[in-house]
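Just data_37.txt here, compact mmCIF, C-alpha atoms and all ligand atoms:
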# COMPACT_ATOMS: atom_id res chain seq x y z
CA MET A 12 -34.17 5.09 -10.98
CA GLN A 13 -31.30 6.41 -13.10
CA THR A 14 -30.72 4.03 -15.98
CA PHE A 15 -28.42 5.77 -18.47
CA LEU A 16 -25.08 4.71 -17.08
CA ARG A 17 -23.32 3.33 -20.17
CA GLY A 18 -19.72 4.44 -20.49
CA ARG A 19 -19.40 5.71 -16.92
CA ASP A 20 -16.22 5.18 -14.90
CA MET A 21 -16.46 3.90 -11.31
CA ILE A 22 -13.50 5.45 -9.51
CA THR A 23 -15.33 6.58 -6.38
CA THR A 24 -19.01 6.31 -5.37
CA GLN A 25 -18.79 10.02 -4.52
CA GLU A 26 -18.96 10.74 -8.28
CA TRP A 27 -22.24 8.83 -8.64
CA SER A 28 -25.56 10.28 -7.47
CA LYS A 29 -27.52 8.51 -4.74
CA GLU A 30 -30.20 7.59 -7.29
CA GLU A 31 -27.54 6.01 -9.49
CA ILE A 32 -26.18 4.03 -6.54
CA ASP A 33 -29.74 2.94 -5.74
CA THR A 34 -29.91 1.61 -9.32
CA ILE A 35 -26.72 -0.41 -8.73
CA MET A 36 -28.30 -1.92 -5.59
CA GLU A 37 -31.50 -2.85 -7.45
CA VAL A 38 -29.65 -4.40 -10.39
CA ALA A 39 -27.29 -6.25 -8.03
CA LEU A 40 -30.25 -7.80 -6.20
CA ASP A 41 -31.85 -8.76 -9.53
CA LEU A 42 -28.63 -10.43 -10.71
CA LYS A 43 -28.22 -12.16 -7.34
CA ARG A 44 -31.75 -13.55 -7.65
CA LYS A 45 -31.15 -14.66 -11.24
CA ARG A 46 -27.96 -16.48 -10.25
CA ALA A 47 -29.78 -18.19 -7.36
CA LEU A 48 -32.49 -19.40 -9.75
CA GLY A 49 -30.10 -20.39 -12.53
CA VAL A 50 -31.60 -17.81 -14.89
CA PRO A 51 -29.11 -16.90 -17.64
CA HIS A 52 -28.18 -13.20 -17.69
CA ALA A 53 -25.62 -12.79 -20.46
CA TYR A 54 -25.88 -9.01 -20.77
CA LEU A 55 -22.21 -8.67 -21.79
CA ARG A 56 -21.92 -11.38 -24.44
CA ASP A 57 -18.66 -11.03 -26.44
CA LYS A 58 -17.45 -8.16 -24.21
CA VAL A 59 -13.98 -8.21 -22.67
CA LEU A 60 -12.79 -6.66 -19.39
CA ALA A 61 -9.05 -6.07 -18.93
CA MET A 62 -8.07 -6.41 -15.25
CA LEU A 63 -4.70 -4.80 -14.52
CA PHE A 64 -3.28 -5.62 -11.09
CA PHE A 65 -0.30 -3.87 -9.47
CA PHE A 66 -1.15 -5.52 -6.13
CA SER A 67 -2.28 -8.97 -5.03
CA SER A 68 -5.93 -9.99 -4.60
CA THR A 69 -8.14 -12.93 -3.72
CA ARG A 70 -11.73 -11.64 -3.76
CA THR A 71 -11.45 -8.83 -6.29
CA ARG A 72 -9.77 -10.89 -8.99
CA THR A 73 -11.95 -13.96 -8.64
CA SER A 74 -15.25 -12.08 -8.34
CA PHE A 75 -14.62 -9.82 -11.35
CA GLU A 76 -13.45 -12.80 -13.42
CA ALA A 77 -16.42 -14.97 -12.40
CA GLY A 78 -18.79 -12.04 -12.88
CA MET A 79 -17.68 -11.38 -16.45
CA ALA A 80 -18.09 -15.08 -17.32
CA GLN A 81 -21.60 -15.13 -15.79
CA LEU A 82 -22.49 -12.05 -17.87
CA GLY A 83 -21.41 -13.89 -21.03
CA GLY A 84 -18.10 -12.08 -21.50
CA HIS A 85 -14.46 -12.63 -20.68
CA ALA A 86 -12.03 -11.07 -18.19
CA GLN A 87 -8.28 -10.90 -18.86
CA PHE A 88 -6.03 -11.12 -15.79
CA ILE A 89 -2.99 -8.90 -16.37
CA GLU A 90 -0.32 -8.79 -13.67
CA SER A 91 1.52 -5.49 -14.15
CA SER A 92 5.01 -7.02 -13.85
CA THR A 93 4.27 -9.18 -16.90
CA THR A 94 3.61 -6.09 -19.05
CA GLN A 95 5.89 -3.46 -20.57
CA ILE A 96 4.78 -0.85 -18.01
CA SER A 97 8.15 -0.91 -16.25
CA HIS A 98 9.80 -0.47 -19.68
CA GLY A 99 7.87 2.66 -20.57
CA ASP A 100 4.15 2.06 -21.28
CA THR A 101 2.51 5.15 -19.79
CA ALA A 102 -0.93 5.41 -18.18
CA LYS A 103 -2.10 7.27 -21.29
CA GLU A 104 -0.89 4.44 -23.54
CA ILE A 105 -2.55 1.81 -21.35
CA GLY A 106 -5.85 3.72 -21.57
CA GLU A 107 -5.63 4.40 -25.31
CA ILE A 108 -4.45 0.95 -26.37
CA ILE A 109 -6.24 -1.44 -23.99
CA GLY A 110 -9.37 0.70 -24.44
CA ARG A 111 -9.27 -0.20 -28.16
CA TYR A 112 -8.99 -3.96 -27.47
CA CYS A 113 -11.42 -4.26 -24.58
CA ASP A 114 -14.83 -2.97 -23.45
CA GLY A 115 -13.73 -1.99 -19.94
CA ILE A 116 -10.50 -1.57 -17.99
CA ALA A 117 -10.35 -2.46 -14.30
CA ILE A 118 -7.27 -1.48 -12.30
CA ARG A 119 -5.88 -2.13 -8.81
CA GLN A 120 -3.05 0.28 -8.00
CA CYS A 121 -2.74 0.97 -4.25
CA ASP A 122 0.64 2.75 -4.06
CA TRP A 123 0.29 5.75 -1.74
CA GLY A 124 0.16 9.01 -3.69
CA ILE A 125 0.24 7.17 -7.03
CA GLY A 126 -2.71 4.78 -7.44
CA ASN A 127 -5.65 7.16 -7.84
CA LYS A 128 -3.66 9.49 -10.10
CA TYR A 129 -2.70 6.53 -12.32
CA ILE A 130 -6.28 5.28 -12.62
CA ARG A 131 -7.52 8.77 -13.48
CA GLU A 132 -4.84 9.13 -16.19
CA VAL A 133 -5.89 5.81 -17.73
CA ALA A 134 -9.55 6.89 -17.58
CA GLU A 135 -8.76 10.19 -19.26
CA ALA A 136 -7.21 8.34 -22.22
CA ALA A 137 -9.60 5.38 -22.45
CA ARG A 138 -12.72 5.27 -24.64
CA VAL A 139 -14.26 2.61 -22.37
CA PRO A 140 -15.32 2.59 -18.70
CA VAL A 141 -12.52 2.41 -16.14
CA LEU A 142 -13.32 0.54 -12.92
CA ASN A 143 -11.29 1.13 -9.75
CA MET A 144 -10.52 -2.25 -8.17
CA GLN A 145 -8.86 -0.34 -5.27
CA CYS A 146 -6.45 2.55 -5.19
CA ASP A 147 -4.70 4.47 -2.42
CA VAL A 148 -7.80 6.63 -1.81
CA TYR A 149 -10.91 4.57 -2.66
CA HIS A 150 -12.20 0.98 -2.81
CA PRO A 151 -15.65 1.59 -4.38
CA PHE A 152 -16.66 -2.00 -5.14
CA GLN A 153 -15.93 -3.14 -1.60
CA ILE A 154 -18.09 -0.38 -0.22
CA LEU A 155 -20.95 -1.03 -2.66
CA ALA A 156 -20.90 -4.66 -1.46
CA ASP A 157 -20.89 -3.40 2.12
CA LEU A 158 -23.92 -1.20 1.46
CA LEU A 159 -25.81 -4.09 -0.13
CA THR A 160 -24.96 -6.26 2.88
CA ILE A 161 -26.23 -3.63 5.34
CA LEU A 162 -29.46 -3.20 3.33
CA GLU A 163 -30.01 -6.97 3.32
CA LYS A 164 -29.18 -7.53 6.98
CA LYS A 165 -30.59 -4.36 8.55
CA GLY A 166 -33.10 -2.86 6.12
CA ASP A 167 -33.41 0.93 6.03
CA PRO A 168 -29.96 2.26 7.00
CA ARG A 169 -31.21 5.69 8.11
CA GLY A 170 -30.47 6.21 11.80
CA LEU A 171 -28.33 3.11 12.17
CA THR A 172 -24.92 3.60 13.80
CA ILE A 173 -21.88 2.21 12.00
CA ASN A 174 -18.52 2.20 13.76
CA VAL A 175 -15.73 2.46 11.17
CA SER A 176 -12.75 1.74 13.35
CA TYR A 177 -9.02 1.20 13.14
CA ALA A 178 -7.82 -2.18 14.45
CA TYR A 179 -4.25 -3.34 14.93
CA ALA A 180 -2.55 -5.66 12.44
CA SER A 181 1.01 -6.82 12.27
CA SER A 182 1.12 -7.84 8.61
CA TYR A 183 1.65 -4.57 6.70
CA GLN A 184 0.56 -0.92 6.39
CA LYS A 185 -2.81 -1.47 4.75
CA PRO A 186 -4.34 1.19 2.49
CA ILE A 187 -6.81 3.71 3.91
CA SER A 188 -9.14 3.26 0.92
CA VAL A 189 -11.70 1.10 2.76
CA PRO A 190 -12.40 3.38 5.74
CA GLN A 191 -12.37 6.45 3.46
CA SER A 192 -14.88 4.92 1.05
CA LEU A 193 -17.02 3.70 3.95
CA ILE A 194 -17.35 7.12 5.58
CA LEU A 195 -18.12 8.67 2.18
CA LEU A 196 -20.90 6.28 1.23
CA MET A 197 -22.57 5.48 4.55
CA THR A 198 -22.97 9.19 5.35
CA ARG A 199 -25.03 9.51 2.13
CA TYR A 200 -27.50 6.91 3.38
CA GLY A 201 -28.46 8.78 6.57
CA MET A 202 -26.40 6.59 8.88
CA ASN A 203 -24.76 7.79 12.08
CA VAL A 204 -21.16 7.26 11.06
CA ARG A 205 -18.61 6.95 13.83
CA LEU A 206 -14.96 7.02 12.76
CA THR A 207 -12.72 5.65 15.54
CA HIS A 208 -8.94 5.74 15.36
CA PRO A 209 -5.81 6.62 17.34
CA PRO A 210 -4.48 10.12 16.61
CA GLU A 211 -1.76 8.89 14.24
CA PHE A 212 -4.25 7.05 11.99
CA LYS A 213 -6.14 10.02 10.56
CA LEU A 214 -7.80 9.83 7.15
CA MET A 215 -7.35 12.44 4.40
CA PRO A 216 -8.83 15.76 5.62
CA GLU A 217 -10.66 16.41 2.31
CA ILE A 218 -12.38 13.01 2.55
CA VAL A 219 -13.42 13.69 6.15
CA GLU A 220 -14.85 17.07 5.08
CA GLN A 221 -16.83 15.40 2.27
CA ALA A 222 -18.18 12.83 4.73
CA LYS A 223 -19.33 15.63 7.07
CA GLU A 224 -21.07 17.38 4.19
CA ASN A 225 -22.72 14.11 3.05
CA ALA A 226 -24.03 13.54 6.60
CA ARG A 227 -25.42 17.06 6.76
CA LYS A 228 -27.30 16.58 3.47
CA SER A 229 -28.67 13.12 4.35
CA HIS A 230 -29.69 14.10 7.92
CA GLY A 231 -27.31 11.46 9.26
CA SER A 232 -24.37 12.28 11.51
CA PHE A 233 -20.60 11.99 11.54
CA GLU A 234 -18.30 11.96 14.57
CA ILE A 235 -14.66 11.06 15.23
CA LEU A 236 -13.61 9.17 18.38
CA ASP A 237 -10.20 8.05 19.62
CA ASP A 238 -11.40 5.53 22.23
CA PHE A 239 -11.62 1.99 20.78
CA ASP A 240 -14.18 0.71 23.31
CA ALA A 241 -16.37 3.82 23.01
CA GLY A 242 -16.67 3.18 19.26
CA PHE A 243 -18.50 -0.11 19.91
CA LYS A 244 -21.08 1.32 22.29
CA ASP A 245 -24.63 0.69 21.02
CA ALA A 246 -23.47 0.40 17.40
CA ASP A 247 -25.58 -1.50 14.85
CA VAL A 248 -22.65 -2.24 12.53
CA ILE A 249 -19.07 -2.87 13.61
CA TYR A 250 -16.51 -2.45 10.83
CA ALA A 251 -13.11 -2.51 12.56
CA LYS A 252 -10.08 -3.09 10.38
CA SER A 253 -6.44 -2.20 10.18
CA TRP A 254 -5.02 0.63 8.10
CA GLY A 255 -1.68 2.37 7.90
CA CYS A 256 -0.71 5.67 9.55
CA LEU A 257 0.04 7.02 6.08
CA LEU A 258 -0.89 10.63 6.86
CA THR A 259 1.63 10.57 9.75
CA THR A 260 4.66 8.83 8.21
CA ASN A 261 5.82 7.00 5.10
CA ASP A 262 8.64 5.37 7.00
CA LEU A 263 7.96 1.66 7.50
CA GLU A 264 9.98 1.33 10.71
CA GLU A 265 8.36 4.38 12.29
CA SER A 266 4.88 3.22 11.30
CA ALA A 267 5.58 -0.21 12.79
CA ARG A 268 6.73 1.51 16.03
CA ILE A 269 3.56 3.62 16.12
CA SER A 270 1.32 0.61 15.44
CA GLN A 271 2.93 -1.25 18.36
CA LYS A 272 1.23 1.20 20.74
CA TYR A 273 -2.16 -0.15 19.68
CA THR A 274 -1.83 -3.94 19.82
CA ASP A 275 -4.85 -4.05 22.13
CA TRP A 276 -7.12 -2.63 19.37
CA ILE A 277 -8.57 -6.07 18.62
CA THR A 278 -12.27 -6.81 18.12
CA ASP A 279 -13.11 -9.44 20.73
CA GLU A 280 -16.23 -10.83 22.38
CA ARG A 281 -16.15 -8.32 25.26
CA ARG A 282 -16.13 -5.39 22.85
CA MET A 283 -18.83 -6.87 20.60
CA ALA A 284 -21.00 -7.10 23.73
CA LEU A 285 -20.79 -3.29 24.01
CA ALA A 286 -22.58 -3.00 20.64
CA LYS A 287 -26.29 -3.69 20.15
CA GLU A 288 -27.22 -7.34 20.69
CA ASP A 289 -28.10 -7.77 16.99
CA ALA A 290 -25.10 -5.77 15.72
CA ILE A 291 -23.37 -7.19 12.68
CA TYR A 292 -19.60 -7.58 12.40
CA MET A 293 -18.18 -6.67 8.98
CA HIS A 294 -14.68 -6.85 7.50
CA CYS A 295 -13.57 -6.55 3.88
CA LEU A 296 -10.99 -9.33 4.39
CA PRO A 297 -8.29 -10.50 4.53
CA ALA A 298 -8.18 -10.10 8.33
CA ASP A 299 -5.25 -10.81 10.64
CA ARG A 300 -7.04 -13.40 12.77
CA ASN A 301 -6.57 -13.11 16.54
CA ILE A 302 -4.69 -9.84 15.99
CA GLU A 303 -7.33 -7.59 14.37
CA VAL A 304 -10.27 -9.75 15.42
CA THR A 305 -10.70 -12.94 17.43
CA ASP A 306 -11.79 -16.19 15.78
CA GLY A 307 -14.78 -16.10 18.14
CA VAL A 308 -16.04 -12.85 16.61
CA ILE A 309 -15.22 -13.38 12.94
CA ASP A 310 -16.66 -16.92 13.04
CA GLY A 311 -19.40 -15.98 15.50
CA PRO A 312 -23.15 -15.37 15.13
CA ASN A 313 -22.85 -11.62 14.49
CA SER A 314 -20.33 -11.96 11.67
CA VAL A 315 -21.55 -11.44 8.10
CA VAL A 316 -18.15 -11.47 6.41
CA TYR A 317 -18.90 -14.26 3.94
CA ASP A 318 -22.19 -12.76 2.76
CA GLU A 319 -20.33 -9.47 2.48
CA ALA A 320 -17.61 -11.08 0.35
CA GLU A 321 -20.26 -12.76 -1.84
CA ASN A 322 -21.89 -9.39 -2.49
CA ARG A 323 -18.71 -8.23 -4.24
CA LEU A 324 -19.76 -10.48 -7.13
CA HIS A 325 -23.28 -9.08 -7.41
CA VAL A 326 -22.47 -5.36 -7.20
CA GLN A 327 -19.58 -5.70 -9.63
CA LYS A 328 -21.79 -7.52 -12.14
CA ALA A 329 -24.37 -4.75 -11.74
CA VAL A 330 -21.85 -1.98 -12.44
CA MET A 331 -20.31 -3.87 -15.37
CA ALA A 332 -23.73 -4.61 -16.91
CA LEU A 333 -24.83 -0.98 -16.48
CA THR A 334 -21.64 0.64 -17.77
CA MET A 335 -20.28 -1.80 -20.38
CA SER A 336 -23.39 -3.00 -22.21
N1 LIG A 401 -11.51 -7.12 0.09
C1 LIG A 401 -10.69 -7.23 -0.98
O1 LIG A 401 -10.57 -6.31 -1.82
O2 LIG A 401 -10.07 -8.43 -1.07
P1 LIG A 401 -8.85 -8.78 -2.02
O3 LIG A 401 -7.71 -7.88 -1.64
O4 LIG A 401 -8.54 -10.23 -1.78
O5 LIG A 401 -9.27 -8.53 -3.45
Would you mind writing the structure in this file as structure tokens?
Amino acid sequence: MQTFLRGRDMITTQEWSKEEIDTIMEVALDLKRKRALGVPHAYLRDKVLAMLFFFSSTRTRTSFEAGMAQLGGHAQFIESSTTQISHGDTAKEIGEIIGRYCDGIAIRQCDWGIGNKYIREVAEAARVPVLNMQCDVYHPFQILADLLTILEKKGDPRGLTINVSYAYASSYQKPISVPQSLILLMTRYGMNVRLTHPPEFKLMPEIVEQAKENARKSHGSFEILDDFDAGFKDADVIYAKSWGCLLTTNDLEESARISQKYTDWITDERRMALAKEDAIYMHCLPADRNIEVTDGVIDGPNSVVYDEAENRLHVQKAVMALTMS
């Protein structure tokens, strides 16, 4: 167990060792148990987390805010448009200044080609941990919650097959940070990771290469498919969600035209039946119901989406307690 984690940033799980991630899982389970039993766990009394959002959120905002309160501290919600950022406050100034007021800085900045760079600039300038609440490249806290959910529902993940798949959505070009973070982390836990997407929905080549290398080291496997149905076959975990064809085009009209070719990429009961009988259905939410996934699947017996959403709270509290205490 690696325990000296004070001051560390969480920008991607790839920058944390497996032993350190195991520590996060253990602490998260301990905090989950304490909350269930009503045992106080104010490890961050008098500490303050600044939460800077450039993009909307339901789960991330509420779980970080609740988590800080349960740890005895306080979380500030800062919507970027209410700050002086558009009038000149640089990433360096945000890191330097907010880092002097607060004990941690959490940021959501998902703009393609901008978000990760911004978070890293803040981290470079800040004297306190910087936590990535989702950028254009990574969504580490979602994926830590996903790992905890798989451990709870399935036990030892080694040898299990997870299908990380594109699904159609009509709402907007969603970031690729969830599938990228999933293939990076699940390949480190010896899973057989299947990435399924149409040709236009590729992920960043450097992330795919890292996932392949992770799989090699963990004795898991990594494969890429372009057949939606084939991705479900005999899988233990189905994680099918929409993302944008950002590596193909930045043009919104063109991306909408491309997406229209794949309106039948919806997780439905017939496809779930191709997976193992006890397969779990996961989604980070929000989902486009009856477009990405049918009500029957997301509300059905194989779905674990609410336990998965709950686990955001526990893993985030674990990382905050370990890095900000
Ligand atoms: N899954 C997730 O990050 O949800 P929000 O966008 O609502 O925070």
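Residues of protein, DNA or RNA having at least one counted atom within 12 Å of (-7.3, 15.4, 8.7), given only C-alpha atoms, are Gln191, His208, Pro210, Glu211, Phe212, Lys213, Leu214, Met215, Pro216, Glu217, Ile218, Val219, Glu220, Gln221, Ala222, Ile235, Cys256, Leu257, Leu258 and Thr259 of chain A.
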Residues within 8 Å of ligand LIG 401 (chain A) (all atoms listed in the file), as number ranges by chain? A: 67-73, 144-145, 150, 153, 295-297, 320
Edge lengths and centre, in Å to one decimal, as JSON: that's what I need for the box along x, y and z that holds all listed atoms of region 286-303 of chain A plus 4 Å on each side.
{"center_x": -16.4, "center_y": -8.2, "center_z": 12.3, "size_x": 31.4, "size_y": 18.4, "size_z": 24.8}
Quick one: residues within 7 Å of Val139 (chain A), all atoms listed in the file, excluding same-chain residues fewer than 6 positions away - as a PDB file with C-alpha atoms, in the frame of the given file?
ATOM      1  CA  GLY A  18     -19.720   4.440 -20.490  1.00  0.00           C
ATOM      2  CA  GLY A 110      -9.370   0.700 -24.440  1.00  0.00           C
ATOM      3  CA  ASP A 114     -14.830  -2.970 -23.450  1.00  0.00           C
ATOM      4  CA  GLY A 115     -13.730  -1.990 -19.940  1.00  0.00           C
TER       5      GLY A 115
END
My list of candidates is A:Ala178, A:Leu285, A:Ala226, A:Ile109. Which is closest to Leu195 (chain A) when distances are computed with only C-alpha atoms?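 The closest residue to Leu195 (chain A) is A:Ala226.
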Atom pair CA of Asp275 (chain A) / CA of Asp237 (chain A): separation (Å):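 Spanning CA of Asp275 (chain A) to CA of Asp237 (chain A) is a straight-line distance of 13.5 Å.
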Figure out the distance between CA of Ile108 (chain A) and CA of Ile89 (chain A), please, to one decimal in Å. 14.1 Å
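All residues of protein, DNA or RNA that reach within 6 Å of Ser314 (chain A), judged by all atoms listed in the file and not counting those fewer than 2 positions away in the chain, are Ile291, Tyr292, Ile309, Gly311, Pro312 and Val316 of chain A.
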Atom pair CA of Ser74 (chain A) / CA of Glu319 (chain A): separation (Å):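 Interatomic distance here is 12.2 Å.
In this comparison, which uses only C-alpha atoms, the residue of A:Glu37, A:Asp57, A:Asp147, A:Glu135 approaching Met335 (chain A) most closely is A:Asp57.
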Could you tell me which of A:Ser270, A:Ser188, A:Thr172, A:Ser91 comes closest to Glu234 (chain A) if we count all atoms listed in the file?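 Using all atoms listed in the file, the shortest distance to Glu234 (chain A) belongs to A:Thr172.
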Among the residues A:Ile154, A:Ile116, A:Leu324, A:Ile96, the one that comes closest to Ala77 (chain A) [using all atoms listed in the file]: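 Closest to Ala77 (chain A), using all atoms listed in the file: A:Leu324.
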Selection near Ala246 (chain A), 12 Å with only C-alpha atoms, sequence-local residues under 4 positions removed, as an NGL selection string: :A and (170-176 or 202-206 or 240-242 or 250-251 or 282-292)
Could you write out that same residue set with C-alpha atoms as an mmCIF file, keeping the file's coordinate frame?
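Writing done, so here's part-v2.cif:
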data_model
loop_
_atom_site.group_PDB
_atom_site.id
_atom_site.type_symbol
_atom_site.label_atom_id
_atom_site.label_comp_id
_atom_site.auth_asym_id
_atom_site.auth_seq_id
_atom_site.Cartn_x
_atom_site.Cartn_y
_atom_site.Cartn_z
ATOM 1 C CA GLY A 170 -30.470 6.210 11.800
ATOM 2 C CA LEU A 171 -28.330 3.110 12.170
ATOM 3 C CA THR A 172 -24.920 3.600 13.800
ATOM 4 C CA ILE A 173 -21.880 2.210 12.000
ATOM 5 C CA ASN A 174 -18.520 2.200 13.760
ATOM 6 C CA VAL A 175 -15.730 2.460 11.170
ATOM 7 C CA SER A 176 -12.750 1.740 13.350
ATOM 8 C CA MET A 202 -26.400 6.590 8.880
ATOM 9 C CA ASN A 203 -24.760 7.790 12.080
ATOM 10 C CA VAL A 204 -21.160 7.260 11.060
ATOM 11 C CA ARG A 205 -18.610 6.950 13.830
ATOM 12 C CA LEU A 206 -14.960 7.020 12.760
ATOM 13 C CA ASP A 240 -14.180 0.710 23.310
ATOM 14 C CA ALA A 241 -16.370 3.820 23.010
ATOM 15 C CA GLY A 242 -16.670 3.180 19.260
ATOM 16 C CA TYR A 250 -16.510 -2.450 10.830
ATOM 17 C CA ALA A 251 -13.110 -2.510 12.560
ATOM 18 C CA ARG A 282 -16.130 -5.390 22.850
ATOM 19 C CA MET A 283 -18.830 -6.870 20.600
ATOM 20 C CA ALA A 284 -21.000 -7.100 23.730
ATOM 21 C CA LEU A 285 -20.790 -3.290 24.010
ATOM 22 C CA ALA A 286 -22.580 -3.000 20.640
ATOM 23 C CA LYS A 287 -26.290 -3.690 20.150
ATOM 24 C CA GLU A 288 -27.220 -7.340 20.690
ATOM 25 C CA ASP A 289 -28.100 -7.770 16.990
ATOM 26 C CA ALA A 290 -25.100 -5.770 15.720
ATOM 27 C CA ILE A 291 -23.370 -7.190 12.680
ATOM 28 C CA TYR A 292 -19.600 -7.580 12.400
#
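Residue nearest Asp33 (chain A), chosen from A:Gln184, A:Leu162, A:Asp122, A:Arg19 and counting only C-alpha atoms: A:Leu162.
By chain and then residue number, the residues within 7 Å of Ala329 (chain A) are Ile35, Val38, Ala39, His325 and Leu333 of chain A, counting only C-alpha atoms and disregarding those fewer than 4 positions away in sequence.
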Which polymer residues have any atom within 10 Å of an atom of region 78-87 of chain A, counting only C-alpha atoms, with same-chain residues fewer than 6 positions away left out, as a ChimeraX atom specification? /A:42,46,51-63,72,113-117,323-329,331-332
Kindly indicate which residue among A:Phe152, A:Glu163, A:Gly201, A:Phe243 lies nearest to Leu40 (chain A), using only C-alpha atoms for the distances.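 Closest to Leu40 (chain A), using only C-alpha atoms: A:Glu163.
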Can you give me N, CA and C atoms for region 180-196 of chain A, written as a PDB file, in the coordinates of the input?
ATOM      1  N   ALA A 180      -2.985  -4.471  13.203  1.00  0.00           N
ATOM      2  CA  ALA A 180      -2.550  -5.660  12.440  1.00  0.00           C
ATOM      3  C   ALA A 180      -1.044  -5.612  12.343  1.00  0.00           C
ATOM      4  N   SER A 181      -0.448  -6.765  12.309  1.00  0.00           N
ATOM      5  CA  SER A 181       1.010  -6.820  12.270  1.00  0.00           C
ATOM      6  C   SER A 181       1.542  -7.073  10.871  1.00  0.00           C
ATOM      7  N   SER A 182       0.650  -7.379   9.908  1.00  0.00           N
ATOM      8  CA  SER A 182       1.120  -7.840   8.610  1.00  0.00           C
ATOM      9  C   SER A 182       1.776  -6.755   7.758  1.00  0.00           C
ATOM     10  N   TYR A 183       1.060  -5.657   7.487  1.00  0.00           N
ATOM     11  CA  TYR A 183       1.650  -4.570   6.700  1.00  0.00           C
ATOM     12  C   TYR A 183       0.778  -3.324   6.837  1.00  0.00           C
ATOM     13  N   GLN A 184       1.292  -2.198   6.354  1.00  0.00           N
ATOM     14  CA  GLN A 184       0.560  -0.920   6.390  1.00  0.00           C
ATOM     15  C   GLN A 184      -0.529  -0.974   5.324  1.00  0.00           C
ATOM     16  N   LYS A 185      -1.739  -1.297   5.740  1.00  0.00           N
ATOM     17  CA  LYS A 185      -2.810  -1.470   4.750  1.00  0.00           C
ATOM     18  C   LYS A 185      -3.318  -0.117   4.265  1.00  0.00           C
ATOM     19  N   PRO A 186      -3.838  -0.080   3.017  1.00  0.00           N
ATOM     20  CA  PRO A 186      -4.340   1.190   2.490  1.00  0.00           C
ATOM     21  C   PRO A 186      -5.476   1.753   3.342  1.00  0.00           C
ATOM     22  N   ILE A 187      -5.710   3.067   3.194  1.00  0.00           N
ATOM     23  CA  ILE A 187      -6.810   3.710   3.910  1.00  0.00           C
ATOM     24  C   ILE A 187      -8.061   3.807   3.035  1.00  0.00           C
ATOM     25  N   SER A 188      -8.041   3.127   1.896  1.00  0.00           N
ATOM     26  CA  SER A 188      -9.140   3.260   0.920  1.00  0.00           C
ATOM     27  C   SER A 188     -10.458   2.700   1.443  1.00  0.00           C
ATOM     28  N   VAL A 189     -10.435   1.664   2.256  1.00  0.00           N
ATOM     29  CA  VAL A 189     -11.700   1.100   2.760  1.00  0.00           C
ATOM     30  C   VAL A 189     -12.377   2.047   3.759  1.00  0.00           C
ATOM     31  N   PRO A 190     -11.691   2.473   4.839  1.00  0.00           N
ATOM     32  CA  PRO A 190     -12.400   3.380   5.740  1.00  0.00           C
ATOM     33  C   PRO A 190     -12.815   4.677   5.056  1.00  0.00           C
ATOM     34  N   GLN A 191     -11.996   5.185   4.136  1.00  0.00           N
ATOM     35  CA  GLN A 191     -12.370   6.450   3.460  1.00  0.00           C
ATOM     36  C   GLN A 191     -13.631   6.260   2.626  1.00  0.00           C
ATOM     37  N   SER A 192     -13.696   5.153   1.882  1.00  0.00           N
ATOM     38  CA  SER A 192     -14.880   4.920   1.050  1.00  0.00           C
ATOM     39  C   SER A 192     -16.106   4.639   1.915  1.00  0.00           C
ATOM     40  N   LEU A 193     -15.893   3.968   3.044  1.00  0.00           N
ATOM     41  CA  LEU A 193     -17.020   3.700   3.950  1.00  0.00           C
ATOM     42  C   LEU A 193     -17.623   4.995   4.497  1.00  0.00           C
ATOM     43  N   ILE A 194     -16.774   5.899   4.989  1.00  0.00           N
ATOM     44  CA  ILE A 194     -17.350   7.120   5.580  1.00  0.00           C
ATOM     45  C   ILE A 194     -18.006   7.978   4.507  1.00  0.00           C
ATOM     46  N   LEU A 195     -17.500   7.888   3.268  1.00  0.00           N
ATOM     47  CA  LEU A 195     -18.120   8.670   2.180  1.00  0.00           C
ATOM     48  C   LEU A 195     -19.491   8.129   1.804  1.00  0.00           C
ATOM     49  N   LEU A 196     -19.625   6.820   1.720  1.00  0.00           N
ATOM     50  CA  LEU A 196     -20.900   6.280   1.230  1.00  0.00           C
ATOM     51  C   LEU A 196     -21.949   6.171   2.340  1.00  0.00           C
TER      52      LEU A 196
END
